[in-house]
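What follows is upload08.cif (mmCIF, C-alpha atoms).
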```cif
data_start
loop_
_atom_site.label_atom_id
_atom_site.label_comp_id
_atom_site.auth_asym_id
_atom_site.auth_seq_id
_atom_site.Cartn_x
_atom_site.Cartn_y
_atom_site.Cartn_z
CA MET A 1 -169.13 98.26 62.76
CA ILE A 2 -168.20 101.94 62.49
CA SER A 3 -167.48 103.47 59.09
CA ARG A 4 -163.97 103.77 57.73
CA LYS A 5 -164.00 107.53 58.16
CA GLU A 6 -165.07 107.23 61.78
CA TYR A 7 -162.41 104.60 62.41
CA ILE A 8 -159.67 106.75 60.88
CA ASP A 9 -160.80 109.87 62.76
CA GLN A 10 -160.94 107.96 66.04
CA SER A 11 -157.46 106.50 65.42
CA LYS A 12 -155.60 109.80 65.59
CA GLN A 13 -154.67 109.85 69.27
CA GLY A 14 -153.76 106.18 69.29
CA PHE A 15 -151.62 106.68 66.21
CA ILE A 16 -149.75 109.59 67.79
CA SER A 17 -149.25 107.61 70.99
CA HIS A 18 -147.81 104.62 69.14
CA LEU A 19 -145.63 106.81 66.95
CA LYS A 20 -144.32 108.58 70.05
CA ARG A 21 -143.28 105.29 71.65
CA PHE A 22 -141.75 104.10 68.38
CA VAL A 23 -139.74 107.26 67.72
CA GLU A 24 -138.44 107.33 71.27
CA ILE A 25 -136.66 104.01 70.72
CA PRO A 26 -133.45 105.12 68.90
CA SER A 27 -133.20 102.08 66.62
CA VAL A 28 -130.09 103.31 64.79
CA SER A 29 -128.78 100.30 62.89
CA MET A 30 -125.43 101.74 61.80
CA LEU A 31 -124.10 102.45 65.31
CA PRO A 32 -123.06 99.47 67.49
CA GLU A 33 -123.94 101.33 70.69
CA HIS A 34 -127.63 101.10 69.71
CA LYS A 35 -127.79 97.30 69.67
CA LYS A 36 -129.96 97.31 72.80
CA ASP A 37 -132.29 99.84 71.16
CA ILE A 38 -132.60 97.63 68.07
CA ARG A 39 -133.64 94.78 70.35
CA ALA A 40 -136.09 97.05 72.20
CA ALA A 41 -137.63 98.15 68.88
CA ALA A 42 -138.11 94.52 67.81
CA VAL A 43 -139.82 93.64 71.10
CA PHE A 44 -142.05 96.72 70.97
CA ALA A 45 -142.94 96.04 67.33
CA ALA A 46 -143.89 92.42 68.02
CA ASP A 47 -146.04 93.46 70.99
CA LEU A 48 -147.70 96.18 68.93
CA LEU A 49 -148.50 93.85 66.03
CA THR A 50 -149.92 91.32 68.48
CA SER A 51 -152.12 93.98 70.09
CA PHE A 52 -153.60 94.69 66.65
CA GLY A 53 -154.84 91.13 66.31
CA LEU A 54 -151.91 89.67 64.39
CA LYS A 55 -149.69 86.71 65.19
CA ALA A 56 -146.19 88.17 65.53
CA ASP A 57 -142.74 86.62 65.55
CA VAL A 58 -139.16 87.85 65.90
CA THR A 59 -136.69 86.03 63.65
CA GLU A 60 -133.04 86.13 64.65
CA THR A 61 -130.31 86.56 62.04
CA SER A 62 -126.55 86.92 62.18
CA GLY A 63 -127.25 90.65 62.18
CA ASN A 64 -130.36 92.39 63.46
CA PRO A 65 -133.69 90.58 63.97
CA VAL A 66 -136.66 90.86 61.60
CA VAL A 67 -140.22 91.15 62.91
CA THR A 68 -143.00 89.39 61.02
CA ALA A 69 -146.74 89.06 61.61
CA SER A 70 -149.83 87.66 59.93
CA GLY A 71 -153.56 87.96 60.33
CA PRO A 72 -156.23 85.27 60.06
CA PHE A 73 -155.75 83.14 56.95
CA HIS A 74 -158.48 82.28 54.45
CA PRO A 75 -157.34 79.95 51.65
CA ASP A 76 -159.66 81.53 49.08
CA TRP A 77 -158.40 85.08 49.66
CA PRO A 78 -155.31 86.68 48.04
CA THR A 79 -152.35 87.35 50.34
CA ILE A 80 -150.63 90.72 50.56
CA THR A 81 -147.30 91.10 52.38
CA ILE A 82 -146.58 94.62 53.60
CA TYR A 83 -142.91 95.59 54.00
CA ASN A 84 -141.56 98.46 56.08
CA HIS A 85 -138.36 99.06 58.03
CA ILE A 86 -138.15 100.31 61.60
CA ASP A 87 -134.44 101.05 61.89
CA VAL A 88 -133.44 104.69 61.50
CA GLN A 89 -130.58 107.03 60.69
CA PRO A 90 -128.61 108.72 63.49
CA GLY A 91 -129.98 112.00 64.80
CA ASN A 92 -126.73 113.88 65.39
CA GLU A 93 -127.19 116.88 63.07
CA PRO A 94 -126.84 120.24 64.88
CA GLU A 95 -129.83 121.66 62.97
CA TRP A 96 -132.36 119.67 65.02
CA LYS A 97 -134.74 122.07 66.76
CA THR A 98 -136.01 119.38 69.13
CA ASP A 99 -134.60 116.15 70.54
CA PRO A 100 -134.62 113.78 67.53
CA PHE A 101 -135.65 110.83 69.70
CA VAL A 102 -138.51 112.56 71.50
CA LEU A 103 -141.59 112.96 69.31
CA SER A 104 -142.61 116.60 69.05
CA VAL A 105 -146.27 117.16 68.18
CA ASP A 106 -147.22 120.53 66.70
CA GLY A 107 -150.84 120.36 65.62
CA ASP A 108 -150.94 117.67 62.92
CA THR A 109 -147.15 117.58 62.39
CA PHE A 110 -145.06 114.94 64.17
CA THR A 111 -141.31 115.58 64.33
CA GLY A 112 -138.71 112.98 65.28
CA ARG A 113 -136.18 110.61 63.76
CA GLY A 114 -137.97 107.77 61.97
CA SER A 115 -141.32 109.54 61.88
CA THR A 116 -141.50 109.43 58.08
CA ASP A 117 -138.66 106.96 57.37
CA ASP A 118 -140.26 104.57 58.04
CA LYS A 119 -142.13 104.19 61.34
CA GLY A 120 -144.99 106.54 60.46
CA PRO A 121 -145.87 104.79 57.17
CA ALA A 122 -145.49 101.39 58.89
CA LEU A 123 -148.02 102.40 61.54
CA THR A 124 -150.32 103.82 58.86
CA ALA A 125 -150.44 100.46 57.09
CA LEU A 126 -150.92 98.65 60.41
CA TYR A 127 -153.91 100.80 61.37
CA ALA A 128 -155.48 100.13 57.97
CA ALA A 129 -154.82 96.40 58.39
CA ARG A 130 -156.65 96.27 61.71
CA TYR A 131 -159.80 97.70 60.15
CA ALA A 132 -159.44 95.39 57.14
CA ILE A 133 -159.25 92.32 59.39
CA GLU A 134 -162.14 93.38 61.63
CA SER A 135 -164.37 94.27 58.66
CA ARG A 136 -163.37 91.10 56.77
CA ILE A 137 -162.03 92.67 53.61
CA PRO A 138 -161.22 89.48 51.66
CA VAL A 139 -157.41 89.65 51.78
CA ASN A 140 -154.86 87.86 53.94
CA LEU A 141 -152.33 90.28 55.39
CA LYS A 142 -148.73 89.64 56.39
CA PHE A 143 -146.12 92.09 57.68
CA ILE A 144 -142.33 92.26 57.45
CA TRP A 145 -140.67 94.95 59.57
CA GLU A 146 -136.91 95.03 58.99
CA LEU A 147 -134.21 96.49 61.26
CA GLU A 148 -131.28 96.76 58.84
CA GLU A 149 -132.60 98.68 55.84
CA GLU A 150 -130.54 101.79 56.61
CA ILE A 151 -127.33 99.74 56.34
CA GLY A 152 -128.23 97.94 53.13
CA SER A 153 -130.16 94.91 54.50
CA PRO A 154 -127.10 92.64 54.88
CA SER A 155 -129.02 89.91 56.78
CA PHE A 156 -132.32 90.12 54.94
CA GLU A 157 -131.60 87.30 52.50
CA GLU A 158 -130.62 85.06 55.43
CA PHE A 159 -133.95 85.89 57.08
CA LEU A 160 -135.92 85.33 53.89
CA LEU A 161 -134.39 81.91 53.25
CA LYS A 162 -135.01 80.89 56.86
CA LYS A 163 -138.68 81.98 56.79
CA LYS A 164 -139.50 81.40 53.11
CA LYS A 165 -142.27 78.84 53.75
CA ASP A 166 -144.04 81.28 56.06
CA LEU A 167 -143.73 84.15 53.59
CA VAL A 168 -145.65 82.65 50.67
CA THR A 169 -147.67 85.50 49.22
CA ASP A 170 -149.41 86.73 46.07
CA SER A 171 -147.88 90.20 46.12
CA VAL A 172 -145.74 92.57 48.17
CA LEU A 173 -146.63 96.14 49.09
CA VAL A 174 -143.80 98.50 50.09
CA SER A 175 -144.51 101.78 51.85
CA ASP A 176 -141.11 103.47 52.00
CA THR A 177 -141.08 105.95 49.13
CA ILE A 178 -141.62 109.67 48.54
CA TRP A 179 -144.17 111.71 46.60
CA LEU A 180 -143.11 114.43 44.16
CA ASN A 181 -144.86 116.99 46.38
CA ARG A 182 -147.99 117.19 48.52
CA GLN A 183 -150.17 117.93 45.49
CA LYS A 184 -148.66 115.18 43.33
CA PRO A 185 -148.45 111.60 44.63
CA SER A 186 -146.14 109.18 42.87
CA VAL A 187 -146.06 105.43 42.34
CA PRO A 188 -142.42 104.39 41.92
CA TYR A 189 -141.58 101.22 40.02
CA GLY A 190 -137.79 101.37 40.07
CA LEU A 191 -134.96 101.85 42.57
CA ARG A 192 -131.33 102.61 41.91
CA GLY A 193 -128.69 100.26 43.21
CA LEU A 194 -125.76 101.33 45.34
CA GLN A 195 -122.08 100.61 45.86
CA THR A 196 -120.02 102.52 48.42
CA TYR A 197 -116.24 102.81 48.76
CA ARG A 198 -113.44 104.23 50.84
CA LEU A 199 -110.45 105.53 48.87
CA ILE A 200 -107.28 105.79 50.97
CA LEU A 201 -103.92 107.35 50.14
CA GLU A 202 -100.92 107.45 52.49
CA THR A 203 -97.84 109.44 51.45
CA GLY A 204 -96.04 109.73 54.80
CA GLU A 205 -95.90 108.65 58.42
CA LYS A 206 -96.63 111.96 60.18
CA ASP A 207 -97.45 115.64 59.60
CA CYS A 208 -94.56 117.60 58.14
CA HIS A 209 -93.95 121.35 58.20
CA SER A 210 -95.09 122.98 54.95
CA GLY A 211 -92.22 125.47 55.13
CA LEU A 212 -89.56 122.81 55.57
CA CYS A 213 -91.10 120.23 53.22
CA GLY A 214 -93.56 122.09 51.02
CA GLY A 215 -92.70 121.82 47.35
CA ALA A 216 -90.95 118.49 47.80
CA ALA A 217 -93.40 116.50 49.96
CA ARG A 218 -96.42 114.97 48.29
CA ASN A 219 -99.78 116.22 49.53
CA PRO A 220 -102.29 113.33 49.75
CA ILE A 221 -105.33 115.60 49.99
CA ALA A 222 -104.38 117.44 46.80
CA GLU A 223 -103.67 114.15 45.04
CA MET A 224 -107.03 112.75 46.13
CA ALA A 225 -108.79 115.90 44.90
CA LEU A 226 -107.09 115.48 41.53
CA LEU A 227 -108.08 111.81 41.36
CA LEU A 228 -111.72 112.56 42.16
CA SER A 229 -111.83 115.25 39.47
CA GLN A 230 -110.44 112.73 36.98
CA LEU A 231 -113.07 110.15 37.89
CA HIS A 232 -116.05 112.46 37.44
CA ASP A 233 -117.06 115.97 36.34
CA ALA A 234 -118.25 117.91 39.39
CA HIS A 235 -120.14 120.41 37.20
CA THR A 236 -122.19 118.01 35.07
CA GLY A 237 -122.13 114.86 37.23
CA ASP A 238 -120.85 112.82 34.28
CA VAL A 239 -118.69 109.86 35.31
CA HIS A 240 -115.34 109.38 33.51
CA ILE A 241 -114.59 105.81 34.65
CA PRO A 242 -114.05 103.86 31.39
CA GLY A 243 -116.93 101.46 30.80
CA PHE A 244 -119.09 102.96 33.56
CA TYR A 245 -122.11 103.55 31.29
CA ASP A 246 -121.73 100.43 29.12
CA ASP A 247 -124.53 98.43 30.79
CA VAL A 248 -126.97 101.27 31.47
CA ARG A 249 -130.43 100.31 30.20
CA LYS A 250 -131.98 103.33 28.53
CA PRO A 251 -135.47 104.29 29.75
CA LYS A 252 -138.31 103.51 27.39
CA LYS A 253 -139.88 106.42 25.50
CA ARG A 254 -143.06 106.03 27.55
CA GLU A 255 -141.03 106.27 30.74
CA ILE A 256 -139.42 109.54 29.62
CA VAL A 257 -142.89 110.88 28.79
CA ASN A 258 -144.07 109.84 32.27
CA PHE A 259 -141.07 111.62 33.84
CA ILE A 260 -141.82 114.83 31.93
CA GLU A 261 -145.57 114.65 32.64
CA SER A 262 -145.08 113.79 36.31
CA GLY A 263 -145.45 117.38 37.45
CA PHE A 264 -141.90 117.50 38.82
CA ASP A 265 -141.21 121.09 39.89
CA PRO A 266 -137.51 122.07 40.16
CA GLU A 267 -138.28 125.00 42.47
CA LYS A 268 -140.25 122.85 44.91
CA PHE A 269 -137.51 120.22 44.70
CA LYS A 270 -134.86 122.79 45.62
CA LYS A 271 -136.90 124.18 48.48
CA ALA A 272 -137.76 120.76 49.93
CA HIS A 273 -134.12 119.64 49.93
CA GLY A 274 -132.51 122.95 50.89
CA LEU A 275 -130.66 123.34 47.57
CA LYS A 276 -129.54 126.74 46.29
CA SER A 277 -129.22 125.61 42.69
CA LEU A 278 -129.29 122.54 40.44
CA ARG A 279 -126.99 121.27 37.72
CA TYR A 280 -129.81 121.31 35.19
CA PRO A 281 -132.89 123.57 34.84
CA ASN A 282 -134.96 121.23 32.66
CA PRO A 283 -137.43 118.97 34.59
CA GLY A 284 -137.01 116.16 32.04
CA MET A 285 -133.24 116.21 32.39
CA ILE A 286 -133.39 116.42 36.19
CA THR A 287 -135.81 113.52 36.56
CA THR A 288 -133.84 111.36 34.15
CA ARG A 289 -130.66 112.13 36.10
CA ILE A 290 -132.11 111.25 39.50
CA TRP A 291 -134.29 108.31 38.46
CA ALA A 292 -132.70 106.59 35.46
CA LEU A 293 -128.98 107.42 35.32
CA PRO A 294 -126.11 106.33 37.59
CA THR A 295 -124.07 108.68 39.75
CA PHE A 296 -120.68 109.14 41.38
CA GLU A 297 -120.84 111.09 44.66
CA VAL A 298 -118.22 112.28 47.13
CA HIS A 299 -119.60 112.18 50.67
CA GLY A 300 -116.58 113.16 52.70
CA ILE A 301 -112.83 113.72 52.63
CA VAL A 302 -111.03 113.04 55.90
CA GLY A 303 -107.47 114.16 56.46
CA GLY A 304 -105.32 116.99 57.68
CA TYR A 305 -106.09 119.69 60.22
CA THR A 306 -109.74 120.72 60.64
CA GLY A 307 -109.60 122.91 63.77
CA PRO A 308 -109.75 126.72 64.00
CA GLY A 309 -107.38 128.71 61.83
CA VAL A 310 -104.78 127.11 59.57
CA LYS A 311 -102.13 124.63 60.67
CA THR A 312 -99.36 124.78 58.09
CA ALA A 313 -98.63 121.07 58.01
CA ILE A 314 -98.78 118.57 55.18
CA PRO A 315 -100.79 115.53 56.32
CA PRO A 316 -99.62 111.96 55.75
CA ARG A 317 -102.99 110.41 54.91
CA VAL A 318 -106.36 111.10 53.33
CA GLU A 319 -109.55 109.07 52.98
CA ALA A 320 -112.42 109.83 50.59
CA LYS A 321 -115.88 108.34 51.09
CA ILE A 322 -117.57 107.60 47.77
CA SER A 323 -120.79 106.10 46.46
CA THR A 324 -122.12 105.13 43.06
CA ARG A 325 -125.88 104.87 42.50
CA LEU A 326 -126.53 102.24 39.86
CA VAL A 327 -129.32 101.60 37.37
CA PRO A 328 -130.44 98.53 35.40
CA ASP A 329 -128.37 96.60 34.15
CA GLN A 330 -125.32 97.72 36.13
CA THR A 331 -123.92 95.52 38.90
CA PRO A 332 -121.87 96.49 41.97
CA ASP A 333 -119.21 93.87 41.17
CA LYS A 334 -118.54 95.15 37.68
CA ILE A 335 -118.53 98.81 38.74
CA THR A 336 -116.04 97.94 41.47
CA ARG A 337 -113.74 96.27 38.95
CA LEU A 338 -113.97 99.29 36.65
CA LEU A 339 -113.29 101.75 39.48
CA LYS A 340 -110.29 99.80 40.75
CA LYS A 341 -108.81 99.65 37.25
CA ALA A 342 -109.34 103.37 36.66
CA VAL A 343 -107.83 104.33 40.02
CA LYS A 344 -104.84 102.05 39.47
CA GLU A 345 -104.10 103.76 36.16
CA LEU A 346 -104.46 107.25 37.62
CA ASN A 347 -102.75 106.77 40.99
CA ASP A 348 -101.68 103.22 41.82
CA GLU A 349 -101.00 104.05 45.47
CA VAL A 350 -104.67 104.73 46.25
CA LYS A 351 -106.40 101.80 47.93
CA VAL A 352 -110.01 101.16 46.89
CA ILE A 353 -111.98 99.49 49.68
CA PRO A 354 -115.55 98.47 48.71
CA GLU A 355 -118.22 98.73 51.39
CA GLY A 356 -121.90 97.74 51.00
CA GLY A 357 -123.49 97.10 47.62
CA LEU A 358 -127.04 96.71 46.24
CA VAL A 359 -128.23 95.89 42.75
CA PRO A 360 -130.89 98.08 41.06
CA TYR A 361 -134.57 97.15 40.88
CA LEU A 362 -136.99 97.75 38.03
CA GLY A 363 -140.64 96.72 38.20
CA ASP A 364 -143.75 97.43 36.12
CA PHE A 365 -145.60 100.69 35.62
CA GLU A 366 -148.48 99.01 33.79
CA GLY A 367 -150.90 96.20 34.60
CA PHE A 368 -153.27 95.23 37.41
CA TYR A 369 -151.20 96.26 40.45
CA ALA A 370 -150.21 99.59 38.94
CA GLU A 371 -153.86 100.32 38.14
CA ALA A 372 -154.87 99.30 41.68
CA ALA A 373 -152.34 101.74 43.13
CA VAL A 374 -153.67 104.56 40.97
CA LYS A 375 -157.28 103.89 41.99
CA ALA A 376 -156.35 103.67 45.68
CA ILE A 377 -154.53 107.01 45.61
CA GLU A 378 -157.27 108.71 43.60
CA HIS A 379 -159.86 107.45 46.10
CA ALA A 380 -157.95 108.64 49.17
CA PHE A 381 -156.29 111.84 47.96
CA GLY A 382 -158.47 112.94 45.04
CA THR A 383 -155.65 113.20 42.52
CA THR A 384 -153.94 110.96 39.94
CA PRO A 385 -150.38 109.89 40.80
CA ALA A 386 -147.38 109.95 38.50
CA PHE A 387 -145.36 106.85 37.66
CA THR A 388 -141.74 107.51 38.57
CA ARG A 389 -138.58 105.75 39.61
CA GLU A 390 -136.83 106.47 42.91
CA GLY A 391 -133.25 107.59 43.09
CA GLY A 392 -132.65 105.77 46.35
CA SER A 393 -132.24 102.08 47.19
CA ILE A 394 -134.12 99.50 49.26
CA GLY A 395 -132.04 96.36 49.51
CA ALA A 396 -134.87 94.14 50.73
CA VAL A 397 -136.88 94.79 47.56
CA VAL A 398 -134.26 93.17 45.35
CA THR A 399 -134.07 90.19 47.71
CA MET A 400 -137.85 89.76 47.78
CA GLN A 401 -137.96 89.95 43.99
CA LYS A 402 -135.31 87.23 43.80
CA HIS A 403 -136.83 84.77 46.27
CA LEU A 404 -140.57 85.46 46.52
CA LYS A 405 -141.02 85.97 42.77
CA VAL A 406 -144.27 87.93 43.06
CA PRO A 407 -145.32 91.44 41.97
CA ILE A 408 -143.95 94.21 44.18
CA ASN A 409 -145.86 97.46 44.38
CA PHE A 410 -144.97 100.79 46.04
CA LEU A 411 -147.45 102.95 47.92
CA GLY A 412 -145.38 105.48 49.82
CA LEU A 413 -146.66 108.42 51.83
CA SER A 414 -143.64 110.56 52.61
CA LEU A 415 -143.19 114.06 51.20
CA PRO A 416 -139.94 115.79 50.24
CA GLU A 417 -140.41 118.31 53.05
CA HIS A 418 -140.73 115.49 55.58
CA GLY A 419 -136.94 115.27 55.50
CA TYR A 420 -135.79 111.71 54.83
CA HIS A 421 -132.41 111.33 56.59
CA ALA A 422 -132.44 115.03 57.43
CA PRO A 423 -132.64 117.03 60.64
CA ASN A 424 -136.17 117.78 61.86
CA GLU A 425 -137.60 114.76 60.04
CA ASN A 426 -141.40 114.78 60.33
CA TYR A 427 -144.65 113.15 59.29
CA ASP A 428 -148.20 114.48 59.42
CA TRP A 429 -151.75 113.39 60.07
CA GLN A 430 -152.95 114.40 56.59
CA GLN A 431 -150.66 111.79 55.06
CA ALA A 432 -151.36 109.22 57.78
CA SER A 433 -155.15 109.49 57.62
CA GLY A 434 -155.17 109.63 53.82
CA GLY A 435 -152.79 106.70 53.79
CA MET A 436 -155.14 104.56 55.88
CA SER A 437 -157.93 105.25 53.41
CA MET A 438 -155.56 104.51 50.51
CA PHE A 439 -154.44 101.16 51.90
CA LEU A 440 -158.02 100.10 52.61
CA LYS A 441 -159.07 100.90 49.04
CA TYR A 442 -156.07 98.95 47.74
CA PHE A 443 -157.10 95.97 49.88
CA ASP A 444 -160.64 96.28 48.49
CA ILE A 445 -159.44 96.15 44.90
CA LEU A 446 -157.14 93.17 45.41
CA GLY A 447 -159.75 91.36 47.48
CA GLU A 448 -162.46 91.85 44.89
CA ALA A 449 -160.13 90.68 42.11
CA GLY A 450 -159.31 87.61 44.17
CA LYS A 451 -163.00 86.80 44.48
CA LYS A 452 -163.52 87.04 40.72
CA LYS A 453 -160.77 84.52 40.09
CA LYS A 454 -162.58 81.83 42.14
#
```

Please re-express this file's structure in structure tokens.
Amino acid sequence: MISRKEYIDQSKQGFISHLKRFVEIPSVSMLPEHKKDIRAAAVFAADLLTSFGLKADVTETSGNPVVTASGPFHPDWPTITIYNHIDVQPGNEPEWKTDPFVLSVDGDTFTGRGSTDDKGPALTALYAARYAIESRIPVNLKFIWELEEEIGSPSFEEFLLKKKKDLVTDSVLVSDTIWLNRQKPSVPYGLRGLQTYRLILETGEKDCHSGLCGGAARNPIAEMALLLSQLHDAHTGDVHIPGFYDDVRKPKKREIVNFIESGFDPEKFKKAHGLKSLRYPNPGMITTRIWALPTFEVHGIVGGYTGPGVKTAIPPRVEAKISTRLVPDQTPDKITRLLKKAVKELNDEVKVIPEGGLVPYLGDFEGFYAEAAVKAIEHAFGTTPAFTREGGSIGAVVTMQKHLKVPINFLGLSLPEHGYHAPNENYDWQQASGGMSMFLKYFDILGEAGKKKK
């Protein structure tokens, strides 16, 4: 059998070809008009997994399907389940330089929606799995490819309960996270939760002339702006909802040390995310804010005239789109109760409509699986990773923790400049090829440990 390096080198064109076909299926889960594309992605994924020597299956749910697969099973070998998602965000930003759903290849850079979040990392793990199976690395491998992660995984628990007997495993490996920068890999062990809302205020039935009514008519946009400023401080990010911080679990001292020693660079962070400035200059404060503290964010305010020039009318209605990122031990239900109470006291005409919610996740940054992740990254990329938390959310992780009750480890490959959820999202061969080597080393370590236990 050829060496690992030869296998990875020879995989490049096949990898690009598969990523091209994957990206060109616009599997946008949040838009109903892409239902056919979701189905096409599931079919393509199942066929692809089968072609790699796995037994694949498509499980129907009340929402989108979930694709699963497994390799040959050996009862004496440990089982690893690899989770990725293959649904994507829309690609409607005007800043795209190429068609978001046509893979653009520029040397070793691959641009297209879903390339790094999360089709590229999913393919990377799959290519490593094929070599592991053919070379008989002593691990059993299973795959879960979800098609609802970008909308909060509403049907994932239904899927998991339906397929639980088939999903028995010793551990879960998730590859859907981001490094600090190209020079500094990270191993996350925590995810923030999420609860989204729509806040609606109606003060009239139609536009009214600001000359005839201004001064007497209520302005819903102004009232909403006041309410939002009362709920949180836009300068510091501090949340003023009474009781909001009551259940926040403070990070351990060792975690804070890890955050500070992670190598987080505010300037690189700003450049990668297109930010002109940050609320805080101190790396320790920034990392604590984005990894271990909750947030209140305003994502959009809809109401009034938005065309050219100024229409001097007072609108009858406004809607604000809000989210709160949550940390252990906060819960979406309690935060919703607190928000509703606060809004009622400040402006009892504002309706608070909760949308999707996810609880936070906190795993382990010490022990066997954490050490295996470090060794795998050091082997493949020649540098020691930092242990961090992630500011984002992955709903399926919480569900797997609840029902599978096994260790969950994170080995992501995406970089900040790859542009998660951003225009011109991309992935690159350096991360893909290094990732294949990383996964194979991780399989080695778990396989060898499994042998020693027998």

Original post:
How far is it from CA of Ala217 (chain A) to CA of Lys321 (chain A), in Å with one decimal?
Top reply: 23.9 Å

Original post:
What does the PyMOL selection byres ((chain A and resi 408) around 10) select in this file, as a PyMOL selection string?
Top reply: chain A and resi 80-83+170-174+189+362-364+369-370+397-398+400-401+404-407+409-410

**OP:** Point out the residue among A:Ile256, A:Ala69, A:Ala272, A:Ala449 with the least atom-to-atom distance to Gly419 (chain A), counting all atoms listed in the file.
**Re:** A:Ala272

**OP:** Run through the PyMOL selection byres ((chain A and resi 58) around 9) on the given coordinates and return the selected residues as a VMD selection string.
**Re:** chain A and resid 42 to 43 46 56 to 57 59 to 60 65 to 69

Original post:
Neighbours of Ile335 (chain A) within 10 Å (only C-alpha atoms; same-chain residues fewer than 3 positions away dropped), as a ChimeraX atom specification?
Top reply: /A:195,241-245,247,324,326,330-332,338-341

Store the residues of this selection in a file with C-alpha atoms, as a compact mmCIF listing (two decimals), in the coordinates of the input.
```
# COMPACT_ATOMS: atom_id res chain seq x y z
CA GLN A 195 -122.08 100.61 45.86
CA ILE A 241 -114.59 105.81 34.65
CA PRO A 242 -114.05 103.86 31.39
CA GLY A 243 -116.93 101.46 30.80
CA PHE A 244 -119.09 102.96 33.56
CA TYR A 245 -122.11 103.55 31.29
CA ASP A 247 -124.53 98.43 30.79
CA THR A 324 -122.12 105.13 43.06
CA LEU A 326 -126.53 102.24 39.86
CA GLN A 330 -125.32 97.72 36.13
CA THR A 331 -123.92 95.52 38.90
CA PRO A 332 -121.87 96.49 41.97
CA LEU A 338 -113.97 99.29 36.65
CA LEU A 339 -113.29 101.75 39.48
CA LYS A 340 -110.29 99.80 40.75
CA LYS A 341 -108.81 99.65 37.25
```

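Closest approach to Gly450 (chain A) among A:His74, A:Lys35, A:Lys184, A:His18 is made by A:His74 (distances from all atoms listed in the file).
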
**OP:** Let me know the residues the PyMOL selection byres ((chain A and resi 123-133) around 9) catches in the file above, as a PyMOL selection string.
**Re:** chain A and resi 4+7-8+11+15+18-19+49+52-54+71-72+82+118-122+134-141+143+175+431-433+435-440+443-444

**OP:** Have a look at A:His403, A:Pro78, A:Pro423, A:Val257 and name the one nearest to Leu161 (chain A); count all atoms listed in the file.
**Re:** A:His403

**OP:** For the point (-133.1, 98.3, 49.7) in the file's frame, write as JSON, numbers by chain all residues with an atom no more than 10 Å away, counting only C-alpha atoms.
**Re:** {"A": [85, 148, 149, 150, 151, 152, 153, 154, 156, 176, 191, 192, 193, 194, 357, 358, 359, 360, 361, 392, 393, 394, 395, 396, 397, 398, 399, 400]}

Subject >> Contacts of Gly304 (chain A) within 9 Å, all atoms listed in the file, excl. fewer than 3 positions in-chain, as an MDAnalysis selection string >> reply: chainID A and resid 207 221 311 313:318

Subject >> Computed interatomic separation between CA of Asp233 (chain A) and CA of Pro281 (chain A) (Å) >> reply: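 Rounded to one decimal, the two atoms are 17.6 Å apart.
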
**OP:** Give me the residues within 10 Å of Arg249 (chain A) as a PyMOL selection string, counting only C-alpha atoms and dropping any in the same chain fewer than 3 places off.
**Re:** chain A and resi 245-246+252+292-293+327-330

**OP:** Just give me the gap between CA of Ile290 (chain A) and CA of Pro94 (chain A) in Å, one decimal is fine.
**Re:**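 Separation of CA of Ile290 (chain A) and CA of Pro94 (chain A): 27.4 Å.
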
**OP:** Would you kindly identify which residues have an atom no farther than 9 Å from (-138.0, 121.3, 38.7), using all atoms listed in the file and the file's own coordinates, and write them out as a ChimeraX atom specification?
**Re:** /A:263-270,278,280-284,286-287

**OP:** Have a look at A:Ile260, A:Ile25, A:Leu446, A:Leu180 and name the one nearest to Gly114 (chain A); count only C-alpha atoms.
**Re:**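 Checking each of A:Ile260, A:Ile25, A:Leu446, A:Leu180 against Gly114 (chain A), counting only C-alpha atoms, the winner is A:Ile25.
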
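The nearest approach to Glu390 (chain A) among the residues A:Gly190, A:Pro251, A:Gly356, A:Gly14, with all atoms listed in the file taken into account, belongs to A:Gly190.
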
Residue rebuild result region 148-152 of chain A, N, CA, C and O atoms as an mmCIF file, in the coordinates of the input:
```
data_model
loop_
_atom_site.group_PDB
_atom_site.id
_atom_site.type_symbol
_atom_site.label_atom_id
_atom_site.label_comp_id
_atom_site.auth_asym_id
_atom_site.auth_seq_id
_atom_site.Cartn_x
_atom_site.Cartn_y
_atom_site.Cartn_z
ATOM 1 N N GLU A 148 -132.602 96.522 59.424
ATOM 2 C CA GLU A 148 -131.280 96.760 58.840
ATOM 3 C C GLU A 148 -131.339 97.494 57.495
ATOM 4 O O GLU A 148 -130.339 97.577 56.794
ATOM 5 N N GLU A 149 -132.470 98.058 57.156
ATOM 6 C CA GLU A 149 -132.600 98.680 55.840
ATOM 7 C C GLU A 149 -131.616 99.837 55.665
ATOM 8 O O GLU A 149 -131.049 100.022 54.575
ATOM 9 N N GLU A 150 -131.406 100.613 56.723
ATOM 10 C CA GLU A 150 -130.540 101.790 56.610
ATOM 11 C C GLU A 150 -129.063 101.426 56.438
ATOM 12 O O GLU A 150 -128.240 102.300 56.177
ATOM 13 N N ILE A 151 -128.710 100.159 56.588
ATOM 14 C CA ILE A 151 -127.330 99.740 56.340
ATOM 15 C C ILE A 151 -127.260 98.735 55.193
ATOM 16 O O ILE A 151 -126.316 97.956 55.083
ATOM 17 N N GLY A 152 -128.279 98.744 54.335
ATOM 18 C CA GLY A 152 -128.230 97.940 53.130
ATOM 19 C C GLY A 152 -128.798 96.542 53.227
ATOM 20 O O GLY A 152 -128.604 95.723 52.330
#
```
